[in-house]
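Engineer: Below you will find the structure I want to go over with you.
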Amino acid sequence: KYLQKAIDSILHQTLSDFELIIVNDCSTDNSEAIIKGYSDPRIKYIIQPKNAGVVVAMNRGLQAATATYVAVMHADDISFSERLAKEFSYLEMHPETAVVAGFIENINEAEKPVGKWDEDRKNTTAAQIKAEMIKGNCIAHPTVMMRTDVVKQYGYTSSPNHKGYAVEDYPLWLHLLADGYVIEKIAEPLLYYRVHTQSATGAFLRSRNPFFVNYHSKKFFLQQRKNARKWNDFDKKIQISMYRDYVMGTLKEIKKKLSF
């Protein structure tokens with residue numbers, strides 16, 4: 001329903017020298033017809049042989065990326081026309097930064113404003129983002145531009161035992177921060193983030209206890225760190241925060257069961 005506007009928002013960027021990689025994870029609607037309706041040579045269309053989920057699809061697109069930087073875009077959002085240009089310039093001027101994000105403006109199905117994400121607006125500097133990430137994710141995934149060589153070392157991950165709780169981008173940010181990479185944010189809106197009933201992210205969060213989402217994401221991240229024989233003060237802080245998430249999540253479940 002929103003795919004054409006999403007694609008158009010990228011093709012009409014003020015920075016025009018890019019490759020648009022579109023990964024179709026076995027959609028069952030008319031998405032393919034919409035994609036094939038474009039003749040823009042910048043589009044690289046990848047069809048998954050079978051539906052494998054967002055993590056596999058994201059990694060497939062990531063591995064196909066050949067440019068110095070790779071940006072993320074979701075099929076129901078709309079990028080501001082200067083998004084890529086501003087993020088490209090930022091990374092060019094800040095070689096120490098591995099990932100740069102931007103603010104989001106929440107919109108509904110009719111593209112009307114529906115509020116802002118507080119954690120998004122409160123955390124912009126590298127120090128603020130790193131501190132907040134210990135508690136929870138404050139980066140809007142579809143706003144990021146990343147250094148391709150850095151992010152390819154990590155990729156997107158999700159535990160097969162996460163019981164539907166872990167999300168694909170949060171562990172990636174934690175790995176980068178734990179290993180000393182810098183994540184920053186351009187303090188201005190760069191993307192319209194669509195909030196609607198069929199949104200994968202929205203449906204996921206509505207059906208899950210947010211404390212348990214953070215708990216399982218952090219637990220999976222810490223297990224990966226231990227497997228890689230990596231452990232530092234940042235990991236210790238994540239571990240303490242993980243236990244707090246479990247307690248808060250349990251209390252939330254108890255409160256829900258006691259509600260009438």
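Note on naming: chains are A, B, ... as they come in the structure tokens, residues start from 1 per chain, ligands start from 1 in the order shown.
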List every residue of segment 74-114 of chain A that DSSP, applied to the backbone of this structure, assigns to strand (DSSP E), and report them as a VMD selection string.
Structural biologist: chain A and resid 78 to 79 97 to 107
Engineer: Could you give me, as an MDAnalysis selection string, each residue of segment 69-112 of chain A that DSSP assigns to alpha helix (DSSP H) when run on this structure's backbone?
Structural biologist: chainID A and resid 83:93
Engineer: One number please: atom CA of Lys255 of chain A to atom CA of Asn214 of chain A, in Å, one decimal.
Structural biologist: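 Atom-to-atom, atom CA of Lys255 of chain A and atom CA of Asn214 of chain A are spaced 18.7 Å apart.
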Engineer: Per residue of segment 80-186 of chain A within 10 Å of segment 230-250 of chain A, what are the shortest atom pair and its distance in Å to one decimal, counting only C-alpha atoms, with rows by chain and residue number, as a tab-separated table?
Structural biologist:
```
residue	atom	partner	partner_atom	distance
A:Lys130	CA	A:Phe234	CA	9.2
A:Ala131	CA	A:Phe234	CA	9.5
A:Met133	CA	A:Ile238	CA	8.6
A:Ile134	CA	A:Ile238	CA	5.4
A:Lys135	CA	A:Ser241	CA	6.1
A:Gly136	CA	A:Ser241	CA	9.0
A:Leu174	CA	A:Ile238	CA	8.8
A:His175	CA	A:Asp235	CA	9.4
A:Leu177	CA	A:Phe234	CA	8.1
A:Ala178	CA	A:Phe234	CA	5.9
A:Asp179	CA	A:Lys230	CA	9.0
A:Gly180	CA	A:Phe234	CA	9.6
```
Engineer: Tell me, as a ChimeraX atom specification, which residues lie within 10 Å of Ser31 of chain A, counting only C-alpha atoms; anything in the same chain fewer than 4 positions away does not count.
Structural biologist: /A:1-4,24,26-27,35-37,75
Engineer: Got a sec: who's within 8 Å of Ile10 of chain A, counting only C-alpha atoms, leaving out chain neighbours fewer than 4 positions off, as a VMD selection string?
Structural biologist: chain A and resid 6 20 79 81
Engineer: Keeping only N, CA, C and O atoms, write the selected residues to a file as an mmCIF file, in the first residue's frame.
Structural biologist:
```
data_model
loop_
_atom_site.group_PDB
_atom_site.id
_atom_site.type_symbol
_atom_site.label_atom_id
_atom_site.label_comp_id
_atom_site.auth_asym_id
_atom_site.auth_seq_id
_atom_site.Cartn_x
_atom_site.Cartn_y
_atom_site.Cartn_z
ATOM 1 N N ALA A 6 7.398 5.075 -0.773
ATOM 2 C CA ALA A 6 8.700 4.824 -0.152
ATOM 3 C C ALA A 6 9.804 4.846 -1.199
ATOM 4 O O ALA A 6 10.846 5.498 -1.025
ATOM 5 N N LEU A 20 19.853 1.640 -5.287
ATOM 6 C CA LEU A 20 18.711 1.291 -4.437
ATOM 7 C C LEU A 20 18.491 -0.215 -4.491
ATOM 8 O O LEU A 20 18.037 -0.748 -5.507
ATOM 9 N N SER A 79 11.295 9.002 3.155
ATOM 10 C CA SER A 79 12.493 9.772 3.469
ATOM 11 C C SER A 79 12.349 11.212 2.982
ATOM 12 O O SER A 79 11.824 11.460 1.895
ATOM 13 N N SER A 81 13.634 14.573 1.270
ATOM 14 C CA SER A 81 14.403 14.623 0.023
ATOM 15 C C SER A 81 15.897 14.852 0.230
ATOM 16 O O SER A 81 16.706 14.442 -0.596
#
```
Engineer: Hey, which of A:Val167, A:Val100, A:Val150, A:Ala71 ends up closest to Lys219 of chain A? Count only C-alpha atoms.
Structural biologist: A:Val167
Engineer: Which residues are close to Tyr192 of chain A, i.e. within 7 Å by only C-alpha atoms, leaving aside same-chain residues fewer than 2 positions away? Reply as a VMD selection string.
Structural biologist: chain A and resid 77 to 79 104 to 107 194
Engineer: Please provide as a ChimeraX atom specification all residues within 9 Å of Leu15 of chain A, with the sequence filter that same-chain residues fewer than 2 positions apart are discarded (counting only C-alpha atoms).
Structural biologist: /A:12-13,17-18,81-86,88
Engineer: Deliver the residues from the most recent selection as a file, using N, CA and C atoms, as a compact mmCIF listing (two decimals), in the first residue's frame.
Structural biologist:
```
# COMPACT_ATOMS: atom_id res chain seq x y z
N HIS A 12 13.92 10.30 -5.58
CA HIS A 12 13.86 11.75 -5.73
C HIS A 12 14.76 12.48 -4.74
N GLN A 13 15.75 11.80 -4.20
CA GLN A 13 16.70 12.43 -3.28
C GLN A 13 17.55 13.48 -4.00
N ASP A 17 23.47 10.02 -6.74
CA ASP A 17 24.43 8.97 -7.08
C ASP A 17 24.37 7.86 -6.03
N PHE A 18 23.49 6.90 -6.24
CA PHE A 18 23.33 5.79 -5.30
C PHE A 18 22.77 4.57 -6.02
N SER A 81 13.63 14.57 1.27
CA SER A 81 14.40 14.62 0.02
C SER A 81 15.90 14.85 0.23
N GLU A 82 16.29 15.49 1.33
CA GLU A 82 17.70 15.76 1.58
C GLU A 82 18.33 14.77 2.57
N ARG A 83 17.61 13.73 2.91
CA ARG A 83 18.12 12.79 3.91
C ARG A 83 19.49 12.22 3.54
N LEU A 84 19.59 11.60 2.37
CA LEU A 84 20.85 10.96 1.99
C LEU A 84 21.98 11.96 1.87
N ALA A 85 21.72 13.12 1.32
CA ALA A 85 22.75 14.14 1.16
C ALA A 85 23.29 14.58 2.52
N LYS A 86 22.41 14.80 3.47
CA LYS A 86 22.83 15.25 4.79
C LYS A 86 23.60 14.16 5.54
N PHE A 88 25.23 11.60 4.16
CA PHE A 88 26.49 11.40 3.44
C PHE A 88 27.52 12.46 3.86
```
Engineer: Rank nothing, just name the residue among A:Ser158, A:Ile22, A:Met58, A:Leu91 nearest to His216 of chain A, using only C-alpha atoms.
Structural biologist: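 Under the stated criterion, the closest residue is A:Ser158.
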